[in-house]
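Undergrad: Quick one: the structure is below, and I'll ask about it shortly.
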Amino acid sequence: MADLRAGIVGAGWIAGTHAATLADLDGVTLVATADVVPARAEYEDFREMLARERLDVVLVCTPPDTHREVVERAAEARVAVYLEKPVAHAMDDALALRAAVDAAGIVCAVGYQYRALSFLAGLPRDAALLLGTGISDTVQRSWLGDRARGGSMILERASHLIDLERALGGDVANVTAVESGDAVSIALRFASGALGTVVVGRAAGGPGWRLELAGDDGTVTVELDPAFRAHGAGLALEHDRPPPLRLSVACFLDAAARRDPGAVCCSLDDGVATLAVALAAQEAAQRGAAVALA
């Protein structure tokens with residue numbers, strides 16, 4: 001089988017990370033990039049790139065408020081999509097781009113890389129408490145912190161832990177949240193009755209990212225950055241494959257090559273469901289009151 005022909009829309013920080021990943025993987029060749037900033041990529045208009053290049057897959061690395069149009073155009077061209085998270089900046093856009101993906105029948109993955117942890121299936125699903133913490137710095141981007149563009153700390157950073165807690169705890173029924181500057185604290189009540197917390201802050205030299213799962217059999221600590229391992233309550237698990245970010249992309253490429261939408265690590269449906277919780281947390285922080293999810 002010939003190599004997949006890949007394009008990247010957006011030429012910022014995460015695009016560079018994905019370009020390096022593509023260069024290291026077999027079975028794919030990066031043939032074109034697009035970015036609105038002149039001279040930053042081969043194309044200034046991603047529509048021209050989609051029209052002129054024969055692409056099999058595209059990695060969408062633009063700010064969240066632009067995701068809808070890029071995905072809709074890629075779906076029209078029957079090009080598989082790896083969509084950086086969050087799925088969109090608003091639910092209407094998320095639902096519209098999902099409709100376009102479903103109508104086209106293309107493969108679409110969302111970049112919540114913790115879904116690619118090799119030991120994810122070995123973690124308990126019956127924890128009464130899910131306690132997530134992410135304290136670290138991040139690369140500054142022009143839209144980071146801009147709520148209107150989807151760059152809030154909740155959508156851009158806390159949603160990683162929201163997604164992982166959803167993967168383990170199931171549907172979320174109720175959300176409360178408070179924000180202060182670059183810090184946010186979110187409380188989740190799962191439909192099962194379990195409780196979750198997500199505390200995220202931007203701080204140089206912070207302790208990193210982790211999740212603790214407390215249940216009747218004890219507490220499992222899941223280290224997420226920079227190490228990837230889980231220990232406690234009789235478990236000792238290590239991520240024994242490439243880094244989750246790289247593995248998430250590789251999983252998508254394999255699914256695209258086989259034209260199997262169900263073979264991605266994080267599906268668009270899961271990405272949309274995580275966005276719903278993150279948007280509810282954002283609303284709760286603004287209102288100062290709990291928000292129930294349907």
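Quick note on naming: the chains in the structure tokens go A, B, ... in the order shown, residues restart at 1 in each chain, and ligands are numbered from 1 in order of appearance.
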Identify, on the basis of only C-alpha atoms, every residue whose closest approach to region 184-196 of chain A does not exceed 6 Å; exclude the query and any residue fewer than 2 positions from it along the same chain; express the result as a list in words.
TA: Ala128, Leu129, Leu130, Leu131, Asp171, Val172, Ala173, Asn174, Val175, Thr176, Ala177, Val178, Glu179, Val198, Val199 and Val200 of chain A
Undergrad: Please run DSSP on the backbone and report, as a ChimeraX atom specification, all residues within region 38-268 of chain A that come out as helix (DSSP H, G or I).
TA: /A:46-52,64-76,91-104,113-116,120-122,147-149,153-169,244-258,261-263,268
Undergrad: What are the closest atom pairs, with distances in Å to one decimal, for each residue of region 251-273 of chain A lying within 12 Å of region 53-63 of chain A, using only C-alpha atoms, rows by chain and rising residue number, as CSV?
TA:
residue,atom,partner,partner_atom,distance
A:Phe252,CA,A:Val57,CA,9.4
A:Leu253,CA,A:Val57,CA,7.9
A:Asp254,CA,A:Val57,CA,11.0
A:Ala255,CA,A:Val57,CA,10.7
A:Ala256,CA,A:Val57,CA,7.4
A:Ala257,CA,A:Asp56,CA,8.5
A:Arg258,CA,A:Asp56,CA,11.6
A:Arg259,CA,A:Asp56,CA,10.4
Undergrad: Only N, CA, C and O atoms, please: the residues just picked out, written as a PDB file, in the first residue's frame.
TA:
ATOM      1  N   PHE A 252      -4.636   6.915  14.561  1.00  0.00           N
ATOM      2  CA  PHE A 252      -5.473   7.567  13.555  1.00  0.00           C
ATOM      3  C   PHE A 252      -5.037   7.177  12.144  1.00  0.00           C
ATOM      4  O   PHE A 252      -5.877   6.860  11.285  1.00  0.00           O
ATOM      5  N   LEU A 253      -3.743   7.201  11.889  1.00  0.00           N
ATOM      6  CA  LEU A 253      -3.256   6.880  10.538  1.00  0.00           C
ATOM      7  C   LEU A 253      -3.591   5.447  10.155  1.00  0.00           C
ATOM      8  O   LEU A 253      -3.963   5.161   9.006  1.00  0.00           O
ATOM      9  N   ASP A 254      -3.467   4.537  11.114  1.00  0.00           N
ATOM     10  CA  ASP A 254      -3.827   3.143  10.843  1.00  0.00           C
ATOM     11  C   ASP A 254      -5.315   3.033  10.531  1.00  0.00           C
ATOM     12  O   ASP A 254      -5.716   2.317   9.607  1.00  0.00           O
ATOM     13  N   ALA A 255      -6.146   3.743  11.311  1.00  0.00           N
ATOM     14  CA  ALA A 255      -7.592   3.725  11.063  1.00  0.00           C
ATOM     15  C   ALA A 255      -7.908   4.318   9.699  1.00  0.00           C
ATOM     16  O   ALA A 255      -8.779   3.809   8.969  1.00  0.00           O
ATOM     17  N   ALA A 256      -7.211   5.400   9.324  1.00  0.00           N
ATOM     18  CA  ALA A 256      -7.441   6.025   8.016  1.00  0.00           C
ATOM     19  C   ALA A 256      -7.033   5.090   6.886  1.00  0.00           C
ATOM     20  O   ALA A 256      -7.742   4.985   5.876  1.00  0.00           O
ATOM     21  N   ALA A 257      -5.910   4.405   7.046  1.00  0.00           N
ATOM     22  CA  ALA A 257      -5.454   3.482   6.006  1.00  0.00           C
ATOM     23  C   ALA A 257      -6.442   2.348   5.812  1.00  0.00           C
ATOM     24  O   ALA A 257      -6.649   1.872   4.685  1.00  0.00           O
ATOM     25  N   ARG A 258      -7.077   1.912   6.904  1.00  0.00           N
ATOM     26  CA  ARG A 258      -8.047   0.813   6.837  1.00  0.00           C
ATOM     27  C   ARG A 258      -9.478   1.310   6.647  1.00  0.00           C
ATOM     28  O   ARG A 258     -10.407   0.512   6.564  1.00  0.00           O
ATOM     29  N   ARG A 259      -9.627   2.652   6.633  1.00  0.00           N
ATOM     30  CA  ARG A 259     -10.945   3.280   6.492  1.00  0.00           C
ATOM     31  C   ARG A 259     -11.924   2.747   7.527  1.00  0.00           C
ATOM     32  O   ARG A 259     -13.068   2.417   7.236  1.00  0.00           O
TER      33      ARG A 259
END
Undergrad: Show which residues sit within 9 Å of region 143-158 of chain A, as a PyMOL selection string. Count only C-alpha atoms, and ignore same-chain residues fewer than 2 positions away.
TA: chain A and resi 63-66+85-86+88-90+133-134+140-141+160-163+179+182-186+198-202+275+278-279+281-282
Undergrad: Rounded to one decimal place, report the CA of Val107 (chain A)-CA of Val79 (chain A) distance in Å.
TA: 8.1 Å
Undergrad: Could you name the residues that touch Thr17 (chain A) at 12 Å or less, counting only C-alpha atoms, but leaving out those on the same chain fewer than 3 positions away, as a PyMOL selection string?
TA: chain A and resi 8+10-14+20-24+59+61+84+245-246+249
Undergrad: State, in Å with one decimal place, the distance from CA of Ala32 (chain A) to CA of Val71 (chain A).
TA: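 Computing the Euclidean distance for CA of Ala32 (chain A) and CA of Val71 (chain A) yields 16.5 Å.
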Undergrad: If we count only C-alpha atoms and set the cut-off at 6 Å, which residues sit around region 237-243 of chain A, ignoring sequence neighbours fewer than 3 positions away in its own chain? Please answer as a ChimeraX atom specification.
TA: /A:118,228-230,246-247
Undergrad: For the selection you just gave me, I'd like the residues written to a file as a PDB file, in the first residue's frame, keeping C-alpha atoms.
TA:
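File written: part-v2.pdb
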ATOM      1  CA  SER A 118      -1.392   1.397  26.837  1.00  0.00           C
ATOM      2  CA  PHE A 228       3.124   7.547  32.249  1.00  0.00           C
ATOM      3  CA  ARG A 229       2.470   4.860  34.832  1.00  0.00           C
ATOM      4  CA  ALA A 230      -0.111   3.740  37.375  1.00  0.00           C
ATOM      5  CA  ARG A 246       2.584   9.970  18.991  1.00  0.00           C
ATOM      6  CA  LEU A 247       0.548   6.823  19.533  1.00  0.00           C
TER       7      LEU A 247
END
Undergrad: For the structure I just gave you, how does DSSP split region 10-213 of chain A - specifically, which residues are strand (DSSP E)? Reply as a PyMOL selection string.
TA: chain A and resi 28-34+57-60+80-83+108-110+129-136+172-180+183-190+195-202+208-213
Undergrad: Applying 12 Å and only C-alpha atoms, which residues near Leu120 (chain A) remain after dropping the ones on its own chain fewer than 3 positions away? List them as an mmCIF file with all heavy atoms, in the first residue's frame.
TA:
data_model
loop_
_atom_site.group_PDB
_atom_site.id
_atom_site.type_symbol
_atom_site.label_atom_id
_atom_site.label_comp_id
_atom_site.auth_asym_id
_atom_site.auth_seq_id
_atom_site.Cartn_x
_atom_site.Cartn_y
_atom_site.Cartn_z
ATOM 1 N N GLN A 113 -4.880 12.648 23.907
ATOM 2 C CA GLN A 113 -3.912 11.553 23.806
ATOM 3 C C GLN A 113 -3.908 10.602 24.989
ATOM 4 O O GLN A 113 -3.391 9.486 24.877
ATOM 5 C CB GLN A 113 -2.498 12.109 23.597
ATOM 6 C CG GLN A 113 -1.922 12.868 24.776
ATOM 7 C CD GLN A 113 -2.097 14.361 24.633
ATOM 8 O OE1 GLN A 113 -3.031 14.812 23.973
ATOM 9 N NE2 GLN A 113 -1.210 15.130 25.239
ATOM 10 N N TYR A 114 -4.486 10.991 26.125
ATOM 11 C CA TYR A 114 -4.515 10.047 27.244
ATOM 12 C C TYR A 114 -5.346 8.808 26.910
ATOM 13 O O TYR A 114 -5.181 7.758 27.536
ATOM 14 C CB TYR A 114 -5.053 10.707 28.510
ATOM 15 C CG TYR A 114 -4.167 11.800 29.060
ATOM 16 C CD1 TYR A 114 -4.713 12.868 29.779
ATOM 17 C CD2 TYR A 114 -2.788 11.793 28.867
ATOM 18 C CE1 TYR A 114 -3.904 13.879 30.292
ATOM 19 C CE2 TYR A 114 -1.980 12.798 29.371
ATOM 20 C CZ TYR A 114 -2.548 13.843 30.082
ATOM 21 O OH TYR A 114 -1.760 14.844 30.585
ATOM 22 N N ARG A 115 -6.217 8.904 25.921
ATOM 23 C CA ARG A 115 -6.962 7.722 25.468
ATOM 24 C C ARG A 115 -6.039 6.680 24.851
ATOM 25 O O ARG A 115 -6.443 5.527 24.660
ATOM 26 C CB ARG A 115 -8.008 8.139 24.433
ATOM 27 C CG ARG A 115 -9.072 9.084 24.956
ATOM 28 C CD ARG A 115 -10.327 8.356 25.293
ATOM 29 N NE ARG A 115 -11.377 9.273 25.760
ATOM 30 C CZ ARG A 115 -12.623 8.901 25.982
ATOM 31 N NH1 ARG A 115 -12.984 7.654 25.763
ATOM 32 N NH2 ARG A 115 -13.516 9.766 26.412
ATOM 33 N N ALA A 116 -4.805 7.092 24.505
ATOM 34 C CA ALA A 116 -3.855 6.170 23.888
ATOM 35 C C ALA A 116 -2.945 5.484 24.905
ATOM 36 O O ALA A 116 -2.055 4.712 24.515
ATOM 37 C CB ALA A 116 -2.998 6.915 22.861
ATOM 38 N N LEU A 117 -3.139 5.717 26.193
ATOM 39 C CA LEU A 117 -2.319 5.047 27.208
ATOM 40 C C LEU A 117 -2.467 3.533 27.073
ATOM 41 O O LEU A 117 -3.575 3.008 27.025
ATOM 42 C CB LEU A 117 -2.742 5.480 28.605
ATOM 43 C CG LEU A 117 -2.355 6.895 29.019
ATOM 44 C CD1 LEU A 117 -3.095 7.286 30.302
ATOM 45 C CD2 LEU A 117 -0.849 7.016 29.213
ATOM 46 N N LEU A 123 -7.149 0.188 34.200
ATOM 47 C CA LEU A 123 -7.485 1.069 35.314
ATOM 48 C C LEU A 123 -8.908 0.802 35.806
ATOM 49 O O LEU A 123 -9.781 0.434 35.015
ATOM 50 C CB LEU A 123 -7.354 2.525 34.879
ATOM 51 C CG LEU A 123 -5.942 2.988 34.509
ATOM 52 C CD1 LEU A 123 -5.967 4.431 34.010
ATOM 53 C CD2 LEU A 123 -4.984 2.850 35.692
ATOM 54 N N PRO A 124 -9.149 0.999 37.095
ATOM 55 C CA PRO A 124 -10.495 0.721 37.637
ATOM 56 C C PRO A 124 -11.553 1.672 37.083
ATOM 57 O O PRO A 124 -11.287 2.850 36.847
ATOM 58 C CB PRO A 124 -10.311 0.918 39.146
ATOM 59 C CG PRO A 124 -9.092 1.757 39.293
ATOM 60 C CD PRO A 124 -8.203 1.408 38.148
ATOM 61 N N ARG A 125 -12.746 1.137 36.876
ATOM 62 C CA ARG A 125 -13.888 1.922 36.406
ATOM 63 C C ARG A 125 -14.895 2.185 37.508
ATOM 64 O O ARG A 125 -15.942 2.774 37.248
ATOM 65 C CB ARG A 125 -14.596 1.165 35.278
ATOM 66 C CG ARG A 125 -14.247 1.573 33.853
ATOM 67 C CD ARG A 125 -12.803 1.482 33.527
ATOM 68 N NE ARG A 125 -12.559 1.836 32.125
ATOM 69 C CZ ARG A 125 -11.358 1.808 31.581
ATOM 70 N NH1 ARG A 125 -10.305 1.465 32.305
ATOM 71 N NH2 ARG A 125 -11.185 2.140 30.313
ATOM 72 N N LEU A 164 -10.279 12.182 30.276
ATOM 73 C CA LEU A 164 -9.790 10.957 30.903
ATOM 74 C C LEU A 164 -10.740 10.491 32.003
ATOM 75 O O LEU A 164 -11.033 9.283 32.119
ATOM 76 C CB LEU A 164 -8.390 11.183 31.472
ATOM 77 C CG LEU A 164 -7.722 9.983 32.137
ATOM 78 C CD1 LEU A 164 -7.645 8.785 31.196
ATOM 79 C CD2 LEU A 164 -6.329 10.362 32.658
ATOM 80 N N GLU A 165 -11.244 11.407 32.806
ATOM 81 C CA GLU A 165 -12.197 11.015 33.855
ATOM 82 C C GLU A 165 -13.484 10.475 33.250
ATOM 83 O O GLU A 165 -14.082 9.530 33.766
ATOM 84 C CB GLU A 165 -12.469 12.195 34.794
ATOM 85 C CG GLU A 165 -11.252 12.561 35.634
ATOM 86 C CD GLU A 165 -11.575 13.479 36.794
ATOM 87 O OE1 GLU A 165 -12.771 13.645 37.128
ATOM 88 O OE2 GLU A 165 -10.618 14.039 37.383
ATOM 89 N N ALA A 167 -13.626 8.852 30.434
ATOM 90 C CA ALA A 167 -13.278 7.524 29.922
ATOM 91 C C ALA A 167 -13.363 6.476 31.025
ATOM 92 O O ALA A 167 -13.700 5.313 30.771
ATOM 93 C CB ALA A 167 -11.881 7.540 29.312
ATOM 94 N N LEU A 168 -13.084 6.885 32.258
ATOM 95 C CA LEU A 168 -13.052 5.939 33.376
ATOM 96 C C LEU A 168 -14.331 5.971 34.216
ATOM 97 O O LEU A 168 -14.733 4.957 34.775
ATOM 98 C CB LEU A 168 -11.847 6.240 34.270
ATOM 99 C CG LEU A 168 -10.479 6.120 33.601
ATOM 100 C CD1 LEU A 168 -9.380 6.621 34.541
ATOM 101 C CD2 LEU A 168 -10.203 4.688 33.175
ATOM 102 N N VAL A 222 -2.294 7.631 38.923
ATOM 103 C CA VAL A 222 -1.931 7.580 37.508
ATOM 104 C C VAL A 222 -1.076 8.804 37.205
ATOM 105 O O VAL A 222 -1.553 9.934 37.254
ATOM 106 C CB VAL A 222 -3.179 7.580 36.603
ATOM 107 C CG1 VAL A 222 -2.780 7.413 35.143
ATOM 108 C CG2 VAL A 222 -4.159 6.487 37.025
ATOM 109 N N GLU A 223 0.196 8.576 36.921
ATOM 110 C CA GLU A 223 1.101 9.666 36.561
ATOM 111 C C GLU A 223 1.005 9.891 35.052
ATOM 112 O O GLU A 223 1.120 8.963 34.268
ATOM 113 C CB GLU A 223 2.525 9.318 36.969
ATOM 114 C CG GLU A 223 2.700 9.107 38.465
ATOM 115 C CD GLU A 223 4.133 8.749 38.828
ATOM 116 O OE1 GLU A 223 5.061 9.369 38.268
ATOM 117 O OE2 GLU A 223 4.319 7.836 39.657
ATOM 118 N N LEU A 224 0.810 11.168 34.679
ATOM 119 C CA LEU A 224 0.524 11.502 33.285
ATOM 120 C C LEU A 224 1.582 12.375 32.626
ATOM 121 O O LEU A 224 1.601 12.502 31.409
ATOM 122 C CB LEU A 224 -0.832 12.215 33.202
ATOM 123 C CG LEU A 224 -2.035 11.389 33.670
ATOM 124 C CD1 LEU A 224 -3.260 12.277 33.811
ATOM 125 C CD2 LEU A 224 -2.305 10.250 32.691
ATOM 126 N N PHE A 228 4.461 8.103 32.480
ATOM 127 C CA PHE A 228 3.124 7.547 32.249
ATOM 128 C C PHE A 228 3.088 6.174 32.891
ATOM 129 O O PHE A 228 3.554 5.187 32.318
ATOM 130 C CB PHE A 228 2.807 7.466 30.753
ATOM 131 C CG PHE A 228 2.801 8.802 30.067
ATOM 132 C CD1 PHE A 228 3.922 9.267 29.399
ATOM 133 C CD2 PHE A 228 1.679 9.617 30.125
ATOM 134 C CE1 PHE A 228 3.920 10.503 28.784
ATOM 135 C CE2 PHE A 228 1.662 10.866 29.512
ATOM 136 C CZ PHE A 228 2.796 11.308 28.834
ATOM 137 N N ARG A 229 2.555 6.123 34.102
ATOM 138 C CA ARG A 229 2.470 4.860 34.832
ATOM 139 C C ARG A 229 1.362 4.964 35.862
ATOM 140 O O ARG A 229 0.911 6.044 36.214
ATOM 141 C CB ARG A 229 3.810 4.512 35.486
ATOM 142 C CG ARG A 229 4.369 5.595 36.378
ATOM 143 C CD ARG A 229 5.694 5.178 37.000
ATOM 144 N NE ARG A 229 6.317 6.282 37.715
ATOM 145 C CZ ARG A 229 7.425 6.895 37.321
ATOM 146 N NH1 ARG A 229 8.043 6.520 36.209
ATOM 147 N NH2 ARG A 229 7.940 7.885 38.041
ATOM 148 N N ALA A 230 0.938 3.803 36.361
ATOM 149 C CA ALA A 230 -0.111 3.740 37.375
ATOM 150 C C ALA A 230 0.323 2.773 38.458
ATOM 151 O O ALA A 230 0.861 1.694 38.165
ATOM 152 C CB ALA A 230 -1.431 3.295 36.753
ATOM 153 N N LEU A 237 1.498 -0.494 36.666
ATOM 154 C CA LEU A 237 1.364 -0.476 35.216
ATOM 155 C C LEU A 237 2.263 0.590 34.612
ATOM 156 O O LEU A 237 2.405 1.681 35.165
ATOM 157 C CB LEU A 237 -0.092 -0.197 34.818
ATOM 158 C CG LEU A 237 -1.150 -1.126 35.424
ATOM 159 C CD1 LEU A 237 -2.548 -0.606 35.105
ATOM 160 C CD2 LEU A 237 -0.970 -2.540 34.894
ATOM 161 N N GLU A 238 2.872 0.281 33.470
ATOM 162 C CA GLU A 238 3.723 1.231 32.760
ATOM 163 C C GLU A 238 3.222 1.377 31.332
ATOM 164 O O GLU A 238 2.789 0.399 30.711
ATOM 165 C CB GLU A 238 5.179 0.730 32.725
ATOM 166 C CG GLU A 238 5.849 0.597 34.077
ATOM 167 C CD GLU A 238 6.494 1.896 34.541
ATOM 168 O OE1 GLU A 238 6.573 2.838 33.722
ATOM 169 O OE2 GLU A 238 6.922 1.951 35.704
ATOM 170 N N HIS A 239 3.291 2.583 30.808
ATOM 171 C CA HIS A 239 3.019 2.798 29.386
ATOM 172 C C HIS A 239 4.255 2.321 28.631
ATOM 173 O O HIS A 239 5.312 2.946 28.677
ATOM 174 C CB HIS A 239 2.753 4.280 29.111
ATOM 175 C CG HIS A 239 2.464 4.570 27.669
ATOM 176 N ND1 HIS A 239 1.253 4.277 27.083
ATOM 177 C CD2 HIS A 239 3.246 5.104 26.698
ATOM 178 C CE1 HIS A 239 1.291 4.645 25.802
ATOM 179 N NE2 HIS A 239 2.475 5.142 25.547
ATOM 180 N N ASP A 240 4.119 1.200 27.926
ATOM 181 C CA ASP A 240 5.273 0.535 27.330
ATOM 182 C C ASP A 240 5.317 0.697 25.815
ATOM 183 O O ASP A 240 5.922 -0.111 25.114
ATOM 184 C CB ASP A 240 5.259 -0.959 27.686
ATOM 185 C CG ASP A 240 3.956 -1.644 27.279
ATOM 186 O OD1 ASP A 240 3.079 -0.966 26.707
ATOM 187 O OD2 ASP A 240 3.828 -2.858 27.541
ATOM 188 N N PRO A 244 2.064 8.810 24.339
ATOM 189 C CA PRO A 244 0.649 8.813 23.942
ATOM 190 C C PRO A 244 0.320 9.749 22.794
ATOM 191 O O PRO A 244 -0.517 9.420 21.950
ATOM 192 C CB PRO A 244 -0.061 9.227 25.238
ATOM 193 C CG PRO A 244 0.836 8.748 26.325
ATOM 194 C CD PRO A 244 2.224 8.945 25.804
ATOM 195 N N CYS A 265 -8.176 6.243 18.605
ATOM 196 C CA CYS A 265 -8.056 6.203 20.063
ATOM 197 C C CYS A 265 -9.146 7.038 20.736
ATOM 198 O O CYS A 265 -9.733 6.614 21.733
ATOM 199 C CB CYS A 265 -6.677 6.695 20.493
ATOM 200 S SG CYS A 265 -5.333 5.564 20.080
#
Undergrad: Can you list, as a PyMOL selection string, every protein, DNA or RNA residue that comes within 7 Å of Asp3 (chain A) when you count only C-alpha atoms, leaving out same-chain residues fewer than 3 positions away?
TA: chain A and resi 27-29
Undergrad: Those same residues - N, CA and C atoms - I'd like them written as a compact mmCIF listing (two decimals), in the first residue's frame.
TA:
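The result, stored in out26.txt:
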# COMPACT_ATOMS: atom_id res chain seq x y z
N GLY A 27 4.71 4.77 6.52
CA GLY A 27 3.39 4.69 5.91
C GLY A 27 2.68 6.01 5.71
N VAL A 28 3.37 7.12 5.94
CA VAL A 28 2.76 8.44 5.76
C VAL A 28 3.83 9.43 5.32
N THR A 29 3.44 10.37 4.46
CA THR A 29 4.33 11.43 4.01
C THR A 29 3.60 12.76 4.12
Undergrad: Distance CA of Pro38 (chain A)-CA of Val110 (chain A), one decimal place?
TA: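 Computing it gives 27.4 Å between the two atoms.
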Undergrad: With distances taken over only C-alpha atoms, which of A:Ala292, A:Ala109, A:Ala203, A:Ala227 is nearest to Gly262 (chain A)?
TA: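 Selected residue with least distance to Gly262 (chain A): A:Ala109.
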